[in-house]
Structures are given as structure tokens and as C-alpha cells.
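For reference, the structure is listed below as C-alpha cells.
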Amino acid sequence: MIEDPDPVYDPVSEESHENPYPSYGRLREEFPLYHVARHDVWALSRYTDIKEGLRDWETFSSAKGVELGSYVQFFGPGSIQELDPPRHDVLRKVLAPRFLNKNIKSYEEIVRTTARHLIGEFLEQEHVDLATEFTQKLPIATIFRILGIPESDLNWTTQAGLQMLSRPPGESGPSPRAYELRAELVAFFESLVQGQRGGAYSDDVFGDMARAIDGGTMDLEEVQGLTLLLVAAGMETTTSLLGNMVHALGTGQVTGEELSSDHGGPSSTVIDEFLRFDAPAQWLARVTTREVTLHGITLPPDSRVLMIFASGNRDPRVFDNPDELVLSRDGSRNLAFGEGIHFCVGMPLARLETRVGIGELLSALPNFELTGSPVRYPSHVIRGFESIPTLIRR
């Protein structure tokens, strides 16, 4: 494959891992449709182009995978992130009721109780890693309970999931161990669903899947993709949003008062601005189904195109002073949760976890600061923190 000796942008480079935003700025202004020769993909970086592309699923398809290299379709059959209608719509309806706004309220007590339990485990300590002990554990524990994973299996499934999703910078494919862990998790999840076939449905996502399989709307092999997608969303996206807020608090970029509202935690406006400013999922890919011309360049069918959400969220054509975190800004137009038919089904849950989680943390620990260098996730897609070492001040 042809290499560009001086690339403007490489999504898996160390530079993109540390701080991709200068590259995004150059892409938007000079190369709004840019060919990344190393991976033979195209990058879209302007807000309007990305939004229109995400809405036009018939032209920009998800059916051939939304990642790079061997991460393409890694989750397997059933991942609605990598399906187009009509199959996408059928499987999304299996999940959707659990994540509707009117039903999300029923999870608030689960989230609050879990947050208080986690905080209680380190409340009396002087030093704590708020990433490993809080921002990672809260979303994982929540999504696993909604799925229906038994409490006794939460620890190993959490560790297996985290290792499976680890993505070292510079690598565009999973490790051999990641494939092994995927197989172990899939076998376990399928067994939980199979155990409910025939009418013994539990009140959780696995019960919904068993009912759908018995009803003929879903196949057993689709359990893997649908479940692993939810696990990834719980482990990476919401974890990163929480971690970015905690990091901003620990560095003094924002104060607890600024993140507090009448509900105790961050308001919707504040959450939107954090999503806009540093999108947890930086980009996902689509593949063209026909010839498309953008910015004077004609792409043939089967061209893989990166939709860089995080770049669109900092497009000065849409947001004033986009490189500044302005908590009073109306950032509700951000692309962090996607757009169109693939708009993130778990968005209401992510907002609930963030509001309640940060609210409980600030209530118990109003004063903390970083004590070491935070470490970002080893990922070329997810932008968040693997480690946030902090000092608790009383």
C-alpha cells in the first residue's frame, strides 16, 4: 500500500492519540476530503459533510464495517452499528424499549446506588485513581446489570471486556488475545440467552433477546454482535465522557460549582458541551455504495470514509470559538452520538449516568486534584482516560 511520507492526518498515529485537534483543524480548512494513503481511507472533517453523510445511509453504508483493518466487523453478526435497514431496524427494535427516555428513569436508582457504593470503597483514602475506581466501573456495572449478567460474573466479564477492547496506538487490528476473549464472552452471553428460551424470560436485555429469538425476529448468532456492541458502549463511550469531566475537575479546568445544577449533577447543557468539546468516539467509518463527488473529488463505490465526529464538533462554521470549553454554550447540535438511523440508542442512559455519577462524586468529594500524569486509553477511536490519579482533599 502507498505510504504518504508526510501525512496531514493518520487516525492511528501517536500524534492523533495525544492530540488530534490541530490535525482536524488543518483538514477542515485545507483538505475537507482527505485521502489517508496508509489505510486507503478518506476522511471527512467538516460538520455539514459529516451530518449529511451520516443521514444518507443508502450512500454511506455501515454494512461493510465502521472501523479500520481487522477491527471491521469485529463484534460479529447482530451489531446494529454495522448493519443497514431492514435488518438494522429489526434488531434495533429489540433493544430500543430498554433505552427509551421514559424507561431510563427506572435505572436512576441503580446508577445512584452503584455510584455511592463505588465511592464508599475509596472515600477514606487519600490517593485514588478515579478512572479505574469510578469512571470505568460505574458505566460497566450499569450496562451489565441492564443486560442481565449475574453479579457473581461481573468481575471476570469486566476484565475480559476491557482487555478485549484495548487498542494500542499505531495498531489497526485486535491482538490474538482479544479474539480469544471475544470467543469466551460470546459463548457466555449466548448461554445466558439460551437458558431463557421457551418462556422463562428475565426482565433484562438477555430476556428480550430470548423472546425475540423464540418469536423468529432474531437469530442466536446475532446475540454476539448486539451484546458486544452494548458492552463496548458501556465500557468506552460513557466511561470516557465521565473521565473527561473528572479530569477537567482535577486539573481545575472547571469547578464543582460549574458542573452542579439543581439536580445535583451536570445539566444537559454542560453534558452537551463536554461531548462537543472532546467527543468520546472520535470517528467511525462508512463505505460508499455508489460514486460520490465531494469537494471536487469523485469517490468510487466501496470507498471507506471516516466520519470524524470530533472534528465536526469543532467546526467554526457551526460553533463560535470551537476550541474553547464554554459550559453555557448550546452544544446540542454536536455529533458525538452520531446522526440519522445509527444515532446512539444508549444516549439517554449515558446522560443519566453522567448526571448522577458526577453529582454523587461531587457530593462526596468536593475537593480533589491530580497527583500524577493521567494516562489515556490505548485506543485510536475512543478518547478518554485509563488512569486519573488524584489526591482527595478534606
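Convention: chains lettered A, B, ... in C-alpha cells order; per-chain residue numbering from 1; ligands numbered from 1 as shown.
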For stretch 124-128 of chain A: contacts at 12 Å, only C-alpha atoms, fewer than 3 positions along chain excluded, given as a CSV table (one decimal) with N, CA and C atoms, in the first residue's frame:
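File written: around28.csv
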chain,number,residue,atom,x,y,z
A,118,LEU,N,-19.4,2.5,44.9
A,118,LEU,CA,-18.1,2.7,44.4
A,118,LEU,C,-17.3,3.8,45.2
A,119,ILE,N,-18.0,4.9,45.4
A,119,ILE,CA,-17.3,6.0,46.2
A,119,ILE,C,-17.0,5.6,47.6
A,120,GLY,N,-17.9,4.8,48.2
A,120,GLY,CA,-17.7,4.4,49.6
A,120,GLY,C,-16.5,3.5,49.7
A,121,GLU,N,-16.1,2.8,48.7
A,121,GLU,CA,-14.9,1.9,48.7
A,121,GLU,C,-13.6,2.7,48.8
A,131,ALA,N,-10.2,7.0,37.6
A,131,ALA,CA,-10.6,6.3,36.3
A,131,ALA,C,-10.9,4.8,36.6
A,132,THR,N,-9.9,4.1,37.2
A,132,THR,CA,-10.1,2.7,37.4
A,132,THR,C,-11.1,2.4,38.5
A,133,GLU,N,-11.3,3.3,39.5
A,133,GLU,CA,-12.2,3.0,40.6
A,133,GLU,C,-13.6,3.6,40.5
A,134,PHE,N,-13.7,4.5,39.5
A,134,PHE,CA,-15.1,5.1,39.4
A,134,PHE,C,-15.5,5.3,38.0
A,135,THR,N,-14.9,6.1,37.1
A,135,THR,CA,-15.4,6.4,35.8
A,135,THR,C,-15.5,5.2,34.9
A,250,GLY,N,-10.2,17.7,38.1
A,250,GLY,CA,-8.9,17.5,38.7
A,250,GLY,C,-7.8,18.5,38.3
A,364,ALA,N,-19.8,13.8,47.5
A,364,ALA,CA,-18.9,13.1,48.5
A,364,ALA,C,-17.5,13.6,48.5
A,365,LEU,N,-17.0,14.0,47.3
A,365,LEU,CA,-15.6,14.5,47.2
A,365,LEU,C,-15.6,15.8,46.5
A,367,ASN,N,-13.5,18.2,46.8
A,367,ASN,CA,-12.2,18.7,46.5
A,367,ASN,C,-11.2,17.6,46.2
A,368,PHE,N,-10.7,17.6,45.0
A,368,PHE,CA,-9.6,16.6,44.7
A,368,PHE,C,-8.8,17.2,43.5
A,369,GLU,N,-7.6,16.7,43.4
A,369,GLU,CA,-6.7,17.3,42.3
A,369,GLU,C,-5.8,16.2,41.8
A,370,LEU,N,-5.3,16.3,40.6
A,370,LEU,CA,-4.4,15.3,40.1
A,370,LEU,C,-3.1,15.2,40.9
A,371,THR,N,-2.6,14.0,41.0
A,371,THR,CA,-1.3,13.8,41.7
A,371,THR,C,-0.2,13.2,40.8
A,372,GLY,N,-0.6,12.9,39.6
A,372,GLY,CA,0.4,12.3,38.6
A,372,GLY,C,-0.1,12.6,37.2
A,387,SER,N,-6.4,6.1,33.3
A,387,SER,CA,-5.9,6.4,34.6
A,387,SER,C,-6.0,7.9,34.9
A,388,ILE,N,-6.6,8.2,36.1
A,388,ILE,CA,-6.6,9.6,36.6
A,388,ILE,C,-6.2,9.6,38.1
A,389,PRO,N,-4.9,9.6,38.4
A,389,PRO,CA,-4.5,9.5,39.8
A,389,PRO,C,-4.8,10.9,40.5
A,390,THR,N,-5.5,10.8,41.6
A,390,THR,CA,-5.9,12.0,42.3
A,390,THR,C,-5.6,12.0,43.8
A,391,LEU,N,-5.5,13.2,44.3
A,391,LEU,CA,-5.4,13.4,45.8
A,391,LEU,C,-6.7,13.9,46.3
A,392,ILE,N,-7.3,13.3,47.3
A,392,ILE,CA,-8.5,13.8,47.9
A,392,ILE,C,-8.2,14.7,49.0
A,393,ARG,N,-8.7,15.9,48.9
A,393,ARG,CA,-8.5,16.9,50.0
A,393,ARG,C,-9.8,17.0,50.8
A,394,ARG,N,-9.6,17.1,52.1
A,394,ARG,CA,-10.7,17.2,53.1
A,394,ARG,C,-10.7,18.5,53.8
> Which polymer residues have any atom within 9 Å of an atom of A:Ala281, counting only C-alpha atoms, with same-chain residues fewer than 5 positions away left out, as a ChimeraX atom specification?
Replying inline: /A:236-237,240,308-310,336-337,381-384
> Can you list every residue in stretch 18-153 of chain A that DSSP puts in strand (DSSP E or B), as a list of chain:residue names?
Replying inline: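 Listing strand (DSSP E or B) positions across stretch 18-153 of chain A yields A:Leu33, A:Tyr34, A:His35, A:Val36, A:Val41, A:Trp42, A:Ala43, A:Leu44, A:Phe60, A:Ser61, A:His127, A:Val128, A:Asp129.
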Serialized selection, C-alpha atoms, as a tab-separated table (two decimals), in the first residue's frame:
chain	number	residue	atom	x	y	z
A	33	LEU	CA	-11.93	15.35	1.96
A	34	TYR	CA	-8.53	13.82	2.63
A	35	HIS	CA	-7.06	10.52	1.48
A	36	VAL	CA	-5.18	8.66	4.22
A	41	VAL	CA	-9.47	5.56	3.54
A	42	TRP	CA	-10.92	9.02	3.09
A	43	ALA	CA	-11.54	11.46	5.94
A	44	LEU	CA	-14.46	13.91	6.16
A	60	PHE	CA	-22.70	5.84	3.06
A	61	SER	CA	-23.33	2.31	4.28
A	127	HIS	CA	-4.97	8.76	46.95
A	128	VAL	CA	-7.26	7.12	44.42
A	129	ASP	CA	-7.32	6.51	40.68
> Which is closer to A:Arg112 than all the others in A:Gly359, A:Gly198, A:Pro150, A:Gly215, using only C-alpha atoms?
Replying inline: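 Going through A:Gly359, A:Gly198, A:Pro150, A:Gly215 one by one, the smallest distance to A:Arg112 is for A:Gly359.
Closest approach to A:Ile271 among A:Ile110, A:Ala178, A:Leu241, A:Leu185: A:Leu241, based on only C-alpha atoms.
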Hey, what does DSSP flag as alpha helix (DSSP H) within stretch 299-393 of chain A? Can you give it to me as a short mmCIF file (atom, residue, chain, number, x, y, z; two decimals) with C-alpha atoms, in the first residue's frame?
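Final output, result-v5.cif:
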data_model
loop_
_atom_site.label_atom_id
_atom_site.label_comp_id
_atom_site.auth_asym_id
_atom_site.auth_seq_id
_atom_site.Cartn_x
_atom_site.Cartn_y
_atom_site.Cartn_z
CA PHE A 309 -17.38 13.44 14.66
CA ALA A 310 -14.85 15.19 16.89
CA SER A 311 -13.67 17.41 14.05
CA GLY A 312 -17.20 18.34 13.04
CA MET A 347 -27.68 8.18 24.62
CA PRO A 348 -30.33 8.66 27.36
CA LEU A 349 -28.54 6.16 29.61
CA ALA A 350 -25.17 7.87 29.06
CA ARG A 351 -26.69 11.19 30.08
CA LEU A 352 -28.28 9.65 33.18
CA GLU A 353 -25.02 8.02 34.27
CA THR A 354 -23.13 11.27 33.77
CA ARG A 355 -25.61 13.43 35.66
CA VAL A 356 -25.98 11.05 38.59
CA GLY A 357 -22.37 9.85 38.67
CA ILE A 358 -20.74 13.27 38.66
CA GLY A 359 -23.37 14.58 41.06
CA GLU A 360 -22.66 11.82 43.59
CA LEU A 361 -18.90 12.23 43.20
CA LEU A 362 -19.04 15.98 43.83
CA SER A 363 -21.36 15.50 46.79
CA ALA A 364 -18.94 13.06 48.46
#
> Can you tell me, as number ranges by chain, what residues are no more than 12 Å from A:Asp323 when counting only C-alpha atoms, ignoring any on the same chain fewer than 5 positions away?
Replying inline: A: 21-22, 24-25, 273-274, 276-278, 310-316
Output C-alpha atoms of each residue in that selection to a file, as a PDB file, in the first residue's frame.
ATOM      1  CA  TYR A  21      -7.375  18.581  17.126  1.00  0.00           C
ATOM      2  CA  PRO A  22      -4.624  20.544  15.305  1.00  0.00           C
ATOM      3  CA  TYR A  24      -8.557  18.222  12.411  1.00  0.00           C
ATOM      4  CA  GLY A  25      -8.282  21.990  12.024  1.00  0.00           C
ATOM      5  CA  GLU A 273     -20.621  20.930  25.729  1.00  0.00           C
ATOM      6  CA  PHE A 274     -18.286  18.231  27.040  1.00  0.00           C
ATOM      7  CA  ARG A 276     -18.885  18.600  21.706  1.00  0.00           C
ATOM      8  CA  PHE A 277     -15.503  19.647  23.042  1.00  0.00           C
ATOM      9  CA  ASP A 278     -13.928  16.194  23.290  1.00  0.00           C
ATOM     10  CA  ALA A 310     -14.847  15.193  16.892  1.00  0.00           C
ATOM     11  CA  SER A 311     -13.673  17.406  14.047  1.00  0.00           C
ATOM     12  CA  GLY A 312     -17.201  18.338  13.040  1.00  0.00           C
ATOM     13  CA  ASN A 313     -17.885  19.296  16.645  1.00  0.00           C
ATOM     14  CA  ARG A 314     -15.113  21.888  16.437  1.00  0.00           C
ATOM     15  CA  ASP A 315     -16.053  23.308  13.060  1.00  0.00           C
ATOM     16  CA  PRO A 316     -16.026  27.135  13.352  1.00  0.00           C
TER      17      PRO A 316
END
>> My list of candidates is A:Gln282, A:Ser175, A:Asn321, A:Ser23. Which is closest to A:Glu67 when distances are computed with only C-alpha atoms?
In response: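 Of the candidates, the smallest distance to A:Glu67 is held by A:Gln282.
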> Expressed in Å to a single decimal, how great is the separation between atom CA of A:Asp40 and atom CA of A:Leu68?
Replying inline: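 Between atom CA of A:Asp40 and atom CA of A:Leu68 the gap is 9.7 Å.
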